[in-house]
file upload07.txt (compact mmCIF, C-alpha atoms and all ligand atoms)
# COMPACT_ATOMS: atom_id res chain seq x y z
CA MET K 1 123.80 96.15 47.09
CA ALA K 2 126.06 93.33 46.00
CA GLU K 3 125.14 91.61 42.81
CA PRO K 4 123.58 88.24 43.53
CA ARG K 5 126.16 85.54 42.88
CA LYS K 6 125.77 83.92 39.49
CA LYS K 7 124.72 80.36 40.14
CA LEU K 8 126.50 77.46 38.51
CA LYS K 9 124.40 75.18 36.36
CA LEU K 10 124.19 71.54 37.38
CA ALA K 11 122.64 68.75 35.33
CA THR K 12 122.15 65.11 36.29
CA ALA K 13 121.07 62.01 34.36
CA THR K 14 120.55 58.32 34.87
CA LEU K 15 121.67 55.99 32.09
CA ALA K 16 121.78 52.25 32.84
CA GLY K 17 121.48 52.73 36.58
CA CYS K 18 118.85 52.14 39.24
CA PHE K 19 118.35 55.75 40.40
CA GLY K 20 120.06 54.74 43.64
CA CYS K 21 122.71 57.41 43.14
CA HIS K 22 120.04 60.03 42.65
CA MET K 23 118.28 58.82 45.81
CA SER K 24 121.60 59.09 47.61
CA PHE K 25 121.95 62.63 46.27
CA LEU K 26 118.65 63.45 47.97
CA ASP K 27 120.16 62.00 51.15
CA ILE K 28 122.19 65.17 51.51
CA ASP K 29 118.89 66.34 53.05
CA GLU K 30 119.01 69.91 54.35
CA HIS K 31 122.25 70.53 52.48
CA LEU K 32 119.99 70.77 49.43
CA PHE K 33 119.04 74.27 50.67
CA GLU K 34 122.71 75.24 50.71
CA LEU K 35 123.25 73.65 47.35
CA VAL K 36 120.53 75.67 45.62
CA GLU K 37 122.26 78.83 46.86
CA TRP K 38 125.20 77.75 44.72
CA VAL K 39 123.68 75.98 41.78
CA GLU K 40 120.69 75.96 39.53
CA PHE K 41 119.50 72.59 38.28
CA ASP K 42 119.31 72.14 34.54
CA ARG K 43 118.29 68.80 33.02
CA SER K 44 117.71 66.35 35.85
CA PRO K 45 115.05 63.95 37.12
CA PHE K 46 114.68 66.53 39.91
CA THR K 47 113.49 69.23 37.47
CA ASP K 48 112.04 67.07 34.73
CA ILE K 49 113.82 69.25 32.16
CA LYS K 50 114.44 66.91 29.22
CA GLN K 51 117.09 68.74 27.22
CA VAL K 52 120.47 69.56 28.70
CA GLY K 53 121.62 73.17 28.22
CA ALA K 54 125.05 74.75 28.73
CA CYS K 55 126.13 73.55 32.18
CA ASP K 56 129.08 73.81 34.52
CA ILE K 57 128.72 70.39 36.10
CA GLY K 58 127.09 67.21 34.81
CA LEU K 59 126.61 64.19 37.06
CA ILE K 60 126.07 60.87 35.29
CA GLU K 61 124.64 57.85 37.05
CA GLY K 62 124.66 54.50 35.25
CA GLY K 63 126.61 52.89 32.44
CA LEU K 64 125.79 52.48 28.77
CA CYS K 65 123.46 49.62 27.89
CA ASN K 66 121.69 51.03 24.84
CA ALA K 67 122.02 53.53 22.01
CA GLU K 68 119.99 56.18 23.80
CA ASN K 69 122.38 56.07 26.80
CA VAL K 70 125.26 56.83 24.44
CA HIS K 71 123.35 59.72 22.88
CA VAL K 72 122.49 61.27 26.26
CA LEU K 73 126.06 60.84 27.48
CA ARG K 74 127.55 62.52 24.42
CA ASP K 75 125.04 65.34 24.76
CA PHE K 76 126.07 65.82 28.40
CA ARG K 77 129.73 65.80 27.47
CA LYS K 78 129.10 68.46 24.86
CA HIS K 79 127.20 70.70 27.25
CA CYS K 80 128.98 70.24 30.59
CA LYS K 81 132.31 71.80 31.47
CA ILE K 82 132.91 69.17 34.14
CA LEU K 83 131.54 65.67 33.72
CA VAL K 84 131.39 63.36 36.73
CA ALA K 85 130.84 59.59 36.73
CA VAL K 86 128.76 58.90 39.83
CA GLY K 87 128.48 55.38 41.23
CA ALA K 88 129.59 51.87 40.31
CA CYS K 89 127.56 51.53 37.10
CA ALA K 90 128.94 54.70 35.51
CA ILE K 91 132.45 53.73 36.58
CA ASN K 92 132.63 50.00 35.74
CA GLY K 93 129.24 49.07 34.31
CA GLY K 94 128.03 47.78 37.66
CA LEU K 95 125.19 45.33 37.97
CA PRO K 96 123.91 45.75 34.37
CA ALA K 97 127.39 44.81 33.09
CA GLN K 98 127.08 41.40 34.70
CA ARG K 99 125.26 40.40 31.52
CA ASN K 100 128.42 41.04 29.53
CA PRO K 101 129.81 37.48 29.41
CA ILE K 102 126.52 36.25 27.92
CA PRO K 103 125.77 36.95 24.22
CA LEU K 104 122.96 39.51 23.90
CA ARG K 105 120.97 37.23 21.60
CA ALA K 106 120.99 34.44 24.18
CA ILE K 107 119.67 36.82 26.84
CA LEU K 108 116.87 38.14 24.62
CA ASP K 109 115.93 34.61 23.57
CA GLU K 110 115.79 33.40 27.14
CA VAL K 111 113.74 36.33 28.43
CA TYR K 112 111.31 36.69 25.52
CA LEU K 113 111.15 33.26 23.92
CA THR K 114 112.24 30.26 25.96
CA GLU K 115 112.34 30.75 29.74
CA PRO K 116 109.50 28.74 31.32
CA GLY K 117 107.06 30.88 33.28
CA LEU K 118 107.59 34.02 31.19
CA ALA K 119 105.06 35.29 28.63
CA HIS K 120 107.05 34.54 25.42
CA GLY K 121 105.67 37.63 23.72
CA GLY K 122 108.50 37.74 21.23
CA ILE K 123 111.53 40.03 21.22
CA PRO K 124 110.19 43.64 21.27
CA ASN K 125 110.91 45.54 18.09
CA ASP K 126 109.17 48.89 18.54
CA PRO K 127 111.06 51.75 16.83
CA GLU K 128 110.53 53.76 20.03
CA LEU K 129 112.74 51.35 21.94
CA PRO K 130 116.46 52.15 21.99
CA LEU K 131 118.61 49.36 20.63
CA PRO K 132 120.56 47.47 23.29
CA LEU K 133 124.35 47.44 23.02
CA ASN K 134 126.17 44.11 22.77
CA LYS K 135 127.89 44.85 26.06
CA VAL K 136 127.30 47.33 28.87
CA HIS K 137 130.12 49.86 29.08
CA PRO K 138 131.40 52.26 31.72
CA ILE K 139 131.07 55.85 30.53
CA HIS K 140 134.82 56.57 30.45
CA GLU K 141 135.11 54.11 27.57
CA VAL K 142 133.07 56.50 25.40
CA VAL K 143 133.68 60.09 26.58
CA LYS K 144 136.30 61.89 28.62
CA VAL K 145 135.29 61.90 32.27
CA ASP K 146 136.72 64.57 34.57
CA TYR K 147 135.93 63.07 37.97
CA PHE K 148 134.80 59.76 39.41
CA LEU K 149 132.74 59.34 42.55
CA PRO K 150 132.62 55.62 43.41
CA GLY K 151 130.09 53.79 45.55
CA CYS K 152 126.97 51.71 45.06
CA PRO K 153 125.68 54.26 45.70
CA PRO K 154 128.13 56.84 47.02
CA SER K 155 126.72 58.00 50.35
CA GLY K 156 125.01 61.37 50.72
CA GLU K 157 128.05 62.51 52.72
CA ALA K 158 130.42 61.46 49.94
CA ILE K 159 128.31 63.30 47.35
CA TRP K 160 128.15 66.39 49.56
CA LYS K 161 131.90 66.32 50.25
CA PHE K 162 132.57 65.95 46.54
CA LEU K 163 130.25 68.78 45.54
CA THR K 164 131.46 71.18 48.22
CA ASP K 165 135.07 70.54 47.18
CA LEU K 166 134.21 71.11 43.56
CA LEU K 167 132.13 74.24 44.18
CA ALA K 168 134.86 75.71 46.36
CA GLY K 169 137.38 75.16 43.58
CA ARG K 170 139.27 72.44 45.49
CA GLU K 171 140.38 69.12 44.00
CA PRO K 172 137.70 66.74 45.33
CA THR K 173 139.09 64.12 47.72
CA LEU K 174 137.40 61.38 49.72
CA ASP K 175 139.02 60.04 52.86
CA HIS K 176 138.90 56.41 54.01
CA THR K 177 135.42 56.70 55.51
CA LEU K 178 133.94 58.07 52.27
CA ILE K 179 135.65 56.04 49.54
CA HIS K 180 134.06 52.68 48.92
CA TYR K 181 133.07 50.64 45.90
CA ASP K 182 129.98 49.02 47.44
CA MET V 1 174.20 46.70 66.72
CA SER V 2 171.68 45.44 64.23
CA LYS V 3 171.94 46.21 60.57
CA THR V 4 169.65 48.86 59.12
CA PHE V 5 168.46 50.43 55.91
CA THR V 6 166.32 53.51 55.44
CA LEU V 7 162.78 53.47 54.12
CA ASP V 8 161.47 56.90 53.13
CA GLY V 9 164.02 58.33 55.54
CA LYS V 10 163.06 56.08 58.47
CA THR V 11 165.66 53.70 59.88
CA ILE V 12 164.51 50.07 59.59
CA PRO V 13 166.42 47.28 61.37
CA PHE V 14 166.64 43.87 59.71
CA LYS V 15 168.08 40.42 60.23
CA ASP V 16 170.18 38.70 57.58
CA GLY V 17 167.99 36.86 55.11
CA GLN V 18 165.00 39.15 55.54
CA THR V 19 163.48 40.82 52.52
CA ILE V 20 162.80 44.54 52.50
CA ILE V 21 159.05 44.05 52.90
CA GLN V 22 159.54 41.63 55.81
CA ALA V 23 161.70 44.09 57.69
CA ALA V 24 159.41 46.99 56.84
CA LEU V 25 156.23 45.23 57.97
CA GLU V 26 157.94 44.05 61.13
CA ALA V 27 158.87 47.66 61.88
CA GLY V 28 155.23 48.63 61.33
CA TYR V 29 155.76 50.22 57.96
CA TYR V 30 153.25 49.40 55.24
CA ILE V 31 154.34 48.74 51.68
CA PRO V 32 151.40 47.91 49.38
CA HIS V 33 151.42 44.25 48.36
CA LEU V 34 149.05 41.58 47.09
CA CYS V 35 150.92 38.36 46.32
CA TYR V 36 153.15 38.61 49.37
CA HIS V 37 151.99 36.81 52.53
CA PRO V 38 154.22 36.57 55.61
CA GLU V 39 153.66 32.82 55.93
CA PHE V 40 154.71 31.91 52.39
CA LYS V 41 157.71 32.02 50.11
CA PRO V 42 157.47 35.18 47.98
CA HIS V 43 156.11 34.89 44.47
CA GLY V 44 157.09 38.33 43.21
CA SER V 45 154.38 38.53 40.58
CA CYS V 46 151.99 41.39 41.34
CA LYS V 47 154.68 44.08 41.57
CA LEU V 48 152.52 46.19 43.87
CA CYS V 49 155.34 46.11 46.40
CA THR V 50 157.77 47.77 44.00
CA VAL V 51 160.08 50.23 45.75
CA LYS V 52 163.19 52.10 44.68
CA VAL V 53 166.39 50.70 46.20
CA ASN V 54 169.30 53.06 45.74
CA GLY V 55 167.37 54.62 42.87
CA ARG V 56 166.40 51.41 41.06
CA GLN V 57 162.95 49.82 41.03
CA THR V 58 162.62 46.32 42.42
CA ALA V 59 160.02 44.14 44.16
CA SER V 60 160.47 44.57 47.91
CA CYS V 61 159.04 41.08 48.59
CA THR V 62 161.90 39.37 46.77
CA MET V 63 164.75 41.83 47.36
CA LEU V 64 166.87 41.03 50.38
CA ALA V 65 167.49 43.86 52.80
CA ALA V 66 171.10 45.00 52.95
CA GLU V 67 173.06 47.34 55.15
CA GLY V 68 172.77 50.97 54.15
CA GLN V 69 170.18 50.57 51.38
CA VAL V 70 168.22 53.74 50.65
CA VAL V 71 164.66 52.60 49.95
CA GLU V 72 161.82 54.81 48.71
CA SER V 73 158.23 53.59 48.83
CA GLU V 74 155.61 56.28 49.47
CA THR V 75 156.42 58.48 46.49
CA PRO V 76 153.84 59.90 44.07
CA GLU V 77 155.63 58.16 41.19
CA LEU V 78 155.56 54.68 42.77
CA ASN V 79 152.00 55.07 43.99
CA GLU V 80 150.84 56.11 40.52
CA GLU V 81 152.40 52.99 39.07
CA ARG V 82 150.87 50.85 41.82
CA ARG V 83 147.51 52.42 41.08
CA ALA V 84 147.88 51.61 37.38
CA LEU V 85 148.72 47.98 38.21
CA THR V 86 145.69 47.81 40.50
CA GLN V 87 143.44 49.26 37.80
CA MET V 88 144.71 46.62 35.37
CA LEU V 89 143.82 43.90 37.87
CA PHE V 90 140.31 45.31 38.11
CA VAL V 91 139.69 45.48 34.35
CA GLU V 92 141.24 42.07 33.60
CA GLY V 93 138.70 40.31 35.78
CA ASN V 94 135.11 41.04 36.69
CA HIS V 95 135.13 42.95 39.95
CA PHE V 96 131.62 44.03 40.90
CA CYS V 97 132.26 44.81 44.53
CA PRO V 98 128.62 45.47 45.54
CA SER V 99 127.76 41.84 44.78
CA CYS V 100 130.96 40.32 46.13
CA GLU V 101 130.97 38.46 49.42
CA LYS V 102 134.55 39.58 50.05
CA SER V 103 133.77 43.29 49.80
CA GLY V 104 135.02 45.12 52.87
CA ASP V 105 137.44 42.30 53.67
CA CYS V 106 139.18 42.26 50.30
CA GLN V 107 142.85 43.18 50.01
CA LEU V 108 142.60 44.22 46.39
CA GLN V 109 139.77 46.61 47.19
CA ALA V 110 141.46 47.94 50.34
CA THR V 111 144.70 48.46 48.44
CA ALA V 112 142.79 50.34 45.73
CA TYR V 113 141.28 52.58 48.43
CA HIS V 114 144.73 53.14 49.89
CA LEU V 115 146.02 54.17 46.48
CA GLY V 116 143.07 56.51 45.94
CA MET V 117 141.78 54.59 42.94
CA MET V 118 138.64 56.47 41.90
CA SER V 119 138.10 54.69 38.60
CA THR V 120 139.28 51.68 36.65
CA HIS V 121 140.64 54.00 33.94
CA TYR V 122 141.29 51.31 31.32
CA ASP V 123 138.82 49.54 29.04
CA HIS V 124 137.27 46.54 30.74
CA PHE V 125 137.93 43.06 29.39
CA PHE V 126 134.66 41.65 30.76
CA PRO V 127 136.01 38.10 30.47
CA ASN V 128 133.72 35.10 30.53
CA ARG V 129 134.79 32.93 33.47
CA PRO V 130 132.16 30.47 34.69
CA LEU V 131 131.98 29.65 38.41
CA ASP V 132 132.86 26.27 39.85
CA ALA V 133 130.15 25.45 42.36
CA SER V 134 130.76 21.70 42.23
CA HIS V 135 132.18 21.33 45.75
CA PRO V 136 129.60 20.85 48.53
CA ASP V 137 131.18 23.44 50.86
CA PHE V 138 133.10 25.90 48.70
CA LEU V 139 132.68 27.74 45.44
CA LEU V 140 135.24 29.27 43.14
CA ASP V 141 134.46 32.57 41.44
CA PHE V 142 137.33 32.86 38.95
CA ASN V 143 136.09 36.30 37.85
CA ARG V 144 137.95 37.86 40.76
CA CYS V 145 141.22 35.94 40.62
CA ILE V 146 144.31 38.16 40.62
CA LEU V 147 146.70 35.22 40.07
CA CYS V 148 148.59 35.88 43.29
CA SER V 149 149.22 32.11 43.62
CA LEU V 150 148.62 32.15 47.38
CA CYS V 151 146.14 29.28 47.10
CA VAL V 152 148.66 27.38 44.97
CA ARG V 153 151.38 27.89 47.58
CA ALA V 154 149.08 27.13 50.52
CA SER V 155 147.71 23.95 49.00
CA ARG V 156 151.12 22.71 47.92
CA ASP V 157 153.33 23.84 50.81
CA VAL V 158 150.98 23.70 53.80
CA ASP V 159 148.14 21.32 52.90
CA GLY V 160 150.39 19.01 50.87
CA LYS V 161 147.65 18.64 48.26
CA ASN V 162 148.34 20.62 45.08
CA VAL V 163 144.70 21.46 44.46
CA PHE V 164 145.41 24.67 42.51
CA ALA V 165 147.81 25.68 39.77
CA LEU V 166 148.43 28.62 37.48
CA ALA V 167 148.24 27.57 33.83
CA GLY V 168 149.15 29.47 30.68
CA ARG V 169 151.45 32.43 30.33
CA GLY V 170 151.27 36.21 30.22
CA ILE V 171 147.79 37.60 29.69
CA LYS V 172 146.50 34.02 29.19
CA THR V 173 147.55 32.95 32.71
CA ARG V 174 144.63 31.49 34.62
CA LEU V 175 143.91 29.58 37.77
CA ILE V 176 143.06 25.91 37.28
CA VAL V 177 142.01 23.10 39.56
CA ASN V 178 144.19 19.99 39.46
CA ALA V 179 141.63 17.35 38.57
CA LYS V 180 140.94 15.58 35.28
CA SER V 181 137.50 17.15 35.24
CA GLY V 182 138.92 20.51 36.34
CA ARG V 183 136.26 20.64 39.07
CA LEU V 184 136.93 21.35 42.73
CA ALA V 185 134.59 18.54 43.77
CA ASP V 186 136.96 16.03 42.19
CA THR V 187 139.92 17.04 44.37
CA ASP V 188 140.70 16.37 48.02
CA PHE V 189 140.15 20.06 48.86
CA ALA V 190 138.64 20.51 52.32
CA ALA V 191 137.21 23.43 54.27
CA THR V 192 139.98 23.07 56.86
CA ASP V 193 142.71 23.54 54.26
CA LYS V 194 144.95 26.57 54.49
CA ALA V 195 144.09 27.17 50.83
CA ALA V 196 140.45 27.61 51.84
CA SER V 197 141.16 30.78 53.78
CA VAL V 198 144.18 32.33 52.09
CA CYS V 199 142.65 34.03 49.05
CA PRO V 200 143.04 37.81 49.43
CA VAL V 201 140.06 38.44 47.12
CA GLY V 202 136.66 36.85 46.58
CA VAL V 203 137.48 33.68 44.65
CA ILE V 204 137.55 30.82 47.19
CA LEU V 205 134.36 31.30 49.17
CA PRO V 206 132.52 29.11 51.66
CA LYS V 207 128.98 28.23 50.66
CA ARG V 208 125.91 29.04 52.75
CA ARG V 209 127.52 32.09 54.29
CA GLY V 210 126.55 35.31 52.59
CA PHE V 211 127.28 38.84 53.71
CA ALA V 212 127.46 37.73 57.35
CA VAL V 213 129.19 40.87 58.64
CA PRO V 214 127.21 44.10 58.19
CA ILE V 215 128.68 47.02 56.25
CA GLY V 216 130.56 49.23 58.67
CA GLN V 217 131.97 46.33 60.68
CA ARG V 218 134.07 44.57 58.05
CA THR V 219 137.87 44.48 58.23
CA PHE V 220 138.60 47.48 56.09
CA ASP V 221 135.50 49.47 57.09
CA LYS V 222 137.10 49.80 60.49
CA GLN V 223 140.47 51.05 59.36
CA PRO V 224 142.41 51.34 56.14
CA ILE V 225 144.78 48.57 55.12
CA ASP V 226 147.96 50.46 56.06
CA ALA V 227 146.67 51.07 59.60
CA TYR V 228 146.70 47.34 60.32
CA VAL V 229 150.45 47.48 60.08
CA ASP V 230 150.89 50.87 61.73
CA ASN V 231 148.82 49.81 64.75
CA ARG V 232 151.08 46.89 65.37
CA MET V 233 153.95 49.33 65.58
CA VAL V 234 152.07 51.48 68.06
CA ARG V 235 151.28 48.41 70.13
CA GLU V 236 154.82 47.14 70.13
CA GLU V 237 156.37 50.49 70.91
CA GLY V 238 153.75 51.51 73.47
S1 LIG K 301 137.35 40.48 44.97
FE1 LIG K 301 137.59 42.47 45.98
S2 LIG K 301 137.84 43.94 44.33
FE2 LIG K 301 137.02 42.06 43.42
S3 LIG K 301 134.78 42.31 43.45
FE3 LIG K 301 135.32 41.29 45.37
S4 LIG K 301 135.56 42.97 46.84
FE4 LIG K 301 135.66 43.88 44.80
S1 LIG K 302 142.18 32.16 43.75
FE1 LIG K 302 142.74 33.79 45.18
S2 LIG K 302 144.55 32.97 46.20
FE2 LIG K 302 144.30 31.78 44.33
S3 LIG K 302 145.55 32.81 42.78
FE3 LIG K 302 143.46 33.61 42.60
S4 LIG K 302 143.45 35.45 43.86
FE4 LIG K 302 145.26 34.27 44.47
S1 LIG K 303 153.87 41.60 46.80
FE1 LIG K 303 155.82 41.72 45.85
S2 LIG K 303 155.40 41.25 43.81
FE2 LIG K 303 153.46 40.94 44.77

call {"tool": "encode", "arguments": {"input": "upload07.txt", "output": "structure tokens"}}
result
Amino acid sequence: MAEPRKKLKLATATLAGCFGCHMSFLDIDEHLFELVEWVEFDRSPFTDIKQVGACDIGLIEGGLCNAENVHVLRDFRKHCKILVAVGACAINGGLPAQRNPIPLRAILDEVYLTEPGLAHGGIPNDPELPLPLNKVHPIHEVVKVDYFLPGCPPSGEAIWKFLTDLLAGREPTLDHTLIHYD
Amino acid sequence: MSKTFTLDGKTIPFKDGQTIIQAALEAGYYIPHLCYHPEFKPHGSCKLCTVKVNGRQTASCTMLAAEGQVVESETPELNEERRALTQMLFVEGNHFCPSCEKSGDCQLQATAYHLGMMSTHYDHFFPNRPLDASHPDFLLDFNRCILCSLCVRASRDVDGKNVFALAGRGIKTRLIVNAKSGRLADTDFAATDKAASVCPVGVILPKRRGFAVPIGQRTFDKQPIDAYVDNRMVREEG
């Protein structure tokens, strides 16, 4: 009997994103059955494993808006042979980065201290809370990224096309119907 | 017999006085471009239209076509440089396509798709450029301006108004509104102006019209930017 094929390890994480890319991943629907023939999920919201182990492929959704995001990203980079930026936020900061022109202090003041109609509970300072970065950054500004999969989110078809290319050892390509930034 | 040059090996006819891009587009051959517009004098600033003419790089929107020129355009080398220029345009401004009214109809975005731009590659500037929402019918979102000067040319040469200008030099170049206050409301800009509809990206936008065309039916959802030129060729030949 042939040895069962050794599955590749795949990890996924959301940093400063909305989980939309992960939802879109689930939109590959029944292809998920094919996928689990090829890969085993490591750390991912799908498995609830919290610590990333040695992996072949890491998919990152979201940009970097706080210190914990940076830590998780670096950990992924260390453990994943191939790191993929998935979606607008990972690639250019996306919606969270639209705070970038405004000084962080002004945003915190407005939300927690001055904006009428909000509770004015004071700026949270719990040591459990990761410190926000001054600006939101795309992940390629901090670690080397091997592939980019744009879209907000990339469609299930785009994710499936990308993964099947990658798993088959082809250079992933998206044609006109699959490449979009929105 | 009309004069010709070759573009990537194809014979392109031209009339005296035509630029390379004019002749190429007329023959149904797409050369990426952003600041060129068939109705206006060329500006030659974005350099997306750069081709090699007899082995030397030059902007095809300003270079006159000449008999026997050997022009290369669709080469990996040129497209890589075009992609790098496009990436620089993205990081110099704030281009968040998902929240941009122009998405799907935007020439910068469609050109980036054409060039296979998967990421912005460079560090983002994240500049701070406040909107001008002073005008009752139009708003200006300077975050997306690529300084193509089409609005400047349209307002000056077609509308006879001079509403827009490019100020500053080099990396400090920016679009300004010609009014003491600097606000669009204090100019004679009108919705019927040519300048109101010429912007290739999402800067000059009509108010009270948001995301009117559903995703899937917008200009460049239907076909890629180069196909708009190729189809014309098919139509004319067929
Ligand atoms: S102007 Fe074009 S490239 Fe810029 S955000 Fe809008 S759609 Fe995207
Ligand atoms: S506002 Fe639009 S048309 Fe005017 S220079 Fe900027 S990108 Fe070009
Ligand atoms: S189109 Fe020729 S330089 Fe911009």

call {"tool": "closest_atom_pairs", "arguments": {"input": "upload07.txt", "of": "chain V", "to": "ligand LIG 301 (chain K)", "cutoff": "12 Å", "atoms": "all atoms listed in the file", "output": "tab-separated table"}}
result
residue	atom	partner	partner_atom	distance
V:Leu34	CA	K:LIG301	FE1	11.5
V:Thr86	CA	K:LIG301	S2	9.6
V:Gln87	CA	K:LIG301	S2	10.1
V:Met88	CA	K:LIG301	S2	11.6
V:Leu89	CA	K:LIG301	S2	8.8
V:Phe90	CA	K:LIG301	S2	6.8
V:Val91	CA	K:LIG301	FE2	10.1
V:Glu92	CA	K:LIG301	FE2	10.7
V:Gly93	CA	K:LIG301	FE2	8.0
V:Asn94	CA	K:LIG301	S3	6.9
V:His95	CA	K:LIG301	S3	3.6
V:Phe96	CA	K:LIG301	S3	4.4
V:Cys97	CA	K:LIG301	FE4	3.5
V:Pro98	CA	K:LIG301	S3	7.2
V:Ser99	CA	K:LIG301	S3	7.2
V:Cys100	CA	K:LIG301	FE3	4.5
V:Glu101	CA	K:LIG301	FE3	6.6
V:Lys102	CA	K:LIG301	S4	4.8
V:Ser103	CA	K:LIG301	S4	3.5
V:Gly104	CA	K:LIG301	S4	6.4
V:Asp105	CA	K:LIG301	S4	7.1
V:Cys106	CA	K:LIG301	FE1	4.6
V:Gln107	CA	K:LIG301	FE1	6.7
V:Leu108	CA	K:LIG301	S2	5.2
V:Gln109	CA	K:LIG301	S2	4.4
V:Ala110	CA	K:LIG301	FE1	8.0
V:Thr111	CA	K:LIG301	S2	9.2
V:Ala112	CA	K:LIG301	S2	8.2
V:Tyr113	CA	K:LIG301	S2	10.2
V:Met117	CA	K:LIG301	S2	11.4
V:Thr120	CA	K:LIG301	S2	11.0
V:Leu140	CA	K:LIG301	S1	11.6
V:Asp141	CA	K:LIG301	S1	9.1
V:Phe142	CA	K:LIG301	S1	9.7
V:Asn143	CA	K:LIG301	FE2	8.1
V:Arg144	CA	K:LIG301	S1	5.0
V:Cys145	CA	K:LIG301	S1	7.4
V:Ile146	CA	K:LIG301	S1	8.5
V:Leu147	CA	K:LIG301	S1	11.8
V:Cys199	CA	K:LIG301	S1	9.3
V:Pro200	CA	K:LIG301	S1	7.7
V:Val201	CA	K:LIG301	S1	4.0
V:Gly202	CA	K:LIG301	S1	4.0
V:Val203	CA	K:LIG301	S1	6.8
V:Ile204	CA	K:LIG301	S1	9.9
V:Leu205	CA	K:LIG301	S1	10.5
V:Phe211	CA	K:LIG301	S4	11.5
V:Arg218	CA	K:LIG301	S4	11.4
V:Thr219	CA	K:LIG301	S4	11.7
V:Phe220	CA	K:LIG301	S4	10.7

call {"tool": "write_last_selection", "arguments": {"input": "upload07.txt", "atoms": "C-alpha atoms", "output": "mmCIF file, in the coordinates of the input"}}
result
data_model
loop_
_atom_site.group_PDB
_atom_site.id
_atom_site.type_symbol
_atom_site.label_atom_id
_atom_site.label_comp_id
_atom_site.auth_asym_id
_atom_site.auth_seq_id
_atom_site.Cartn_x
_atom_site.Cartn_y
_atom_site.Cartn_z
ATOM 1 C CA LEU V 34 149.050 41.580 47.090
ATOM 2 C CA THR V 86 145.690 47.810 40.500
ATOM 3 C CA GLN V 87 143.440 49.260 37.800
ATOM 4 C CA MET V 88 144.710 46.620 35.370
ATOM 5 C CA LEU V 89 143.820 43.900 37.870
ATOM 6 C CA PHE V 90 140.310 45.310 38.110
ATOM 7 C CA VAL V 91 139.690 45.480 34.350
ATOM 8 C CA GLU V 92 141.240 42.070 33.600
ATOM 9 C CA GLY V 93 138.700 40.310 35.780
ATOM 10 C CA ASN V 94 135.110 41.040 36.690
ATOM 11 C CA HIS V 95 135.130 42.950 39.950
ATOM 12 C CA PHE V 96 131.620 44.030 40.900
ATOM 13 C CA CYS V 97 132.260 44.810 44.530
ATOM 14 C CA PRO V 98 128.620 45.470 45.540
ATOM 15 C CA SER V 99 127.760 41.840 44.780
ATOM 16 C CA CYS V 100 130.960 40.320 46.130
ATOM 17 C CA GLU V 101 130.970 38.460 49.420
ATOM 18 C CA LYS V 102 134.550 39.580 50.050
ATOM 19 C CA SER V 103 133.770 43.290 49.800
ATOM 20 C CA GLY V 104 135.020 45.120 52.870
ATOM 21 C CA ASP V 105 137.440 42.300 53.670
ATOM 22 C CA CYS V 106 139.180 42.260 50.300
ATOM 23 C CA GLN V 107 142.850 43.180 50.010
ATOM 24 C CA LEU V 108 142.600 44.220 46.390
ATOM 25 C CA GLN V 109 139.770 46.610 47.190
ATOM 26 C CA ALA V 110 141.460 47.940 50.340
ATOM 27 C CA THR V 111 144.700 48.460 48.440
ATOM 28 C CA ALA V 112 142.790 50.340 45.730
ATOM 29 C CA TYR V 113 141.280 52.580 48.430
ATOM 30 C CA MET V 117 141.780 54.590 42.940
ATOM 31 C CA THR V 120 139.280 51.680 36.650
ATOM 32 C CA LEU V 140 135.240 29.270 43.140
ATOM 33 C CA ASP V 141 134.460 32.570 41.440
ATOM 34 C CA PHE V 142 137.330 32.860 38.950
ATOM 35 C CA ASN V 143 136.090 36.300 37.850
ATOM 36 C CA ARG V 144 137.950 37.860 40.760
ATOM 37 C CA CYS V 145 141.220 35.940 40.620
ATOM 38 C CA ILE V 146 144.310 38.160 40.620
ATOM 39 C CA LEU V 147 146.700 35.220 40.070
ATOM 40 C CA CYS V 199 142.650 34.030 49.050
ATOM 41 C CA PRO V 200 143.040 37.810 49.430
ATOM 42 C CA VAL V 201 140.060 38.440 47.120
ATOM 43 C CA GLY V 202 136.660 36.850 46.580
ATOM 44 C CA VAL V 203 137.480 33.680 44.650
ATOM 45 C CA ILE V 204 137.550 30.820 47.190
ATOM 46 C CA LEU V 205 134.360 31.300 49.170
ATOM 47 C CA PHE V 211 127.280 38.840 53.710
ATOM 48 C CA ARG V 218 134.070 44.570 58.050
ATOM 49 C CA THR V 219 137.870 44.480 58.230
ATOM 50 C CA PHE V 220 138.600 47.480 56.090
#

call {"tool": "axis_aligned_box", "arguments": {"input": "upload07.txt", "around": "ligand LIG 302 (chain K)", "padding_each_side": "5 Å", "output": "lines of an AutoDock Vina configuration file"}}
result
center_x = 143.9
center_y = 33.6
center_z = 44.4
size_x = 13.4
size_y = 13.7
size_z = 13.6

call {"tool": "atom_distance", "arguments": {"input": "upload07.txt", "atom1": "CA of Gly20 (chain K)", "atom2": "CA of Gly117 (chain K)"}}
result
29.1 Å

call {"tool": "closest_residue", "arguments": {"input": "upload07.txt", "among": "K:Ile107, K:Ile57, K:Leu163, K:Ala85", "to": "chain V", "atoms": "all atoms listed in the file"}}
result
K:Ala85

call {"tool": "atom_distance", "arguments": {"input": "upload07.txt", "atom1": "CA of Phe41 (chain K)", "atom2": "CA of Ala11 (chain K)"}}
result
5.8 Å

call {"tool": "atom_distance", "arguments": {"input": "upload07.txt", "atom1": "CA of Cys151 (chain V)", "atom2": "atom FE2 of ligand LIG 302 (chain K)"}}
result
4.2 Å

call {"tool": "closest_residue", "arguments": {"input": "upload07.txt", "among": "K:Glu110, K:Asp56, K:Glu115, K:Asp182", "to": "Asp146 (chain K)", "atoms": "all atoms listed in the file"}}
result
K:Asp56
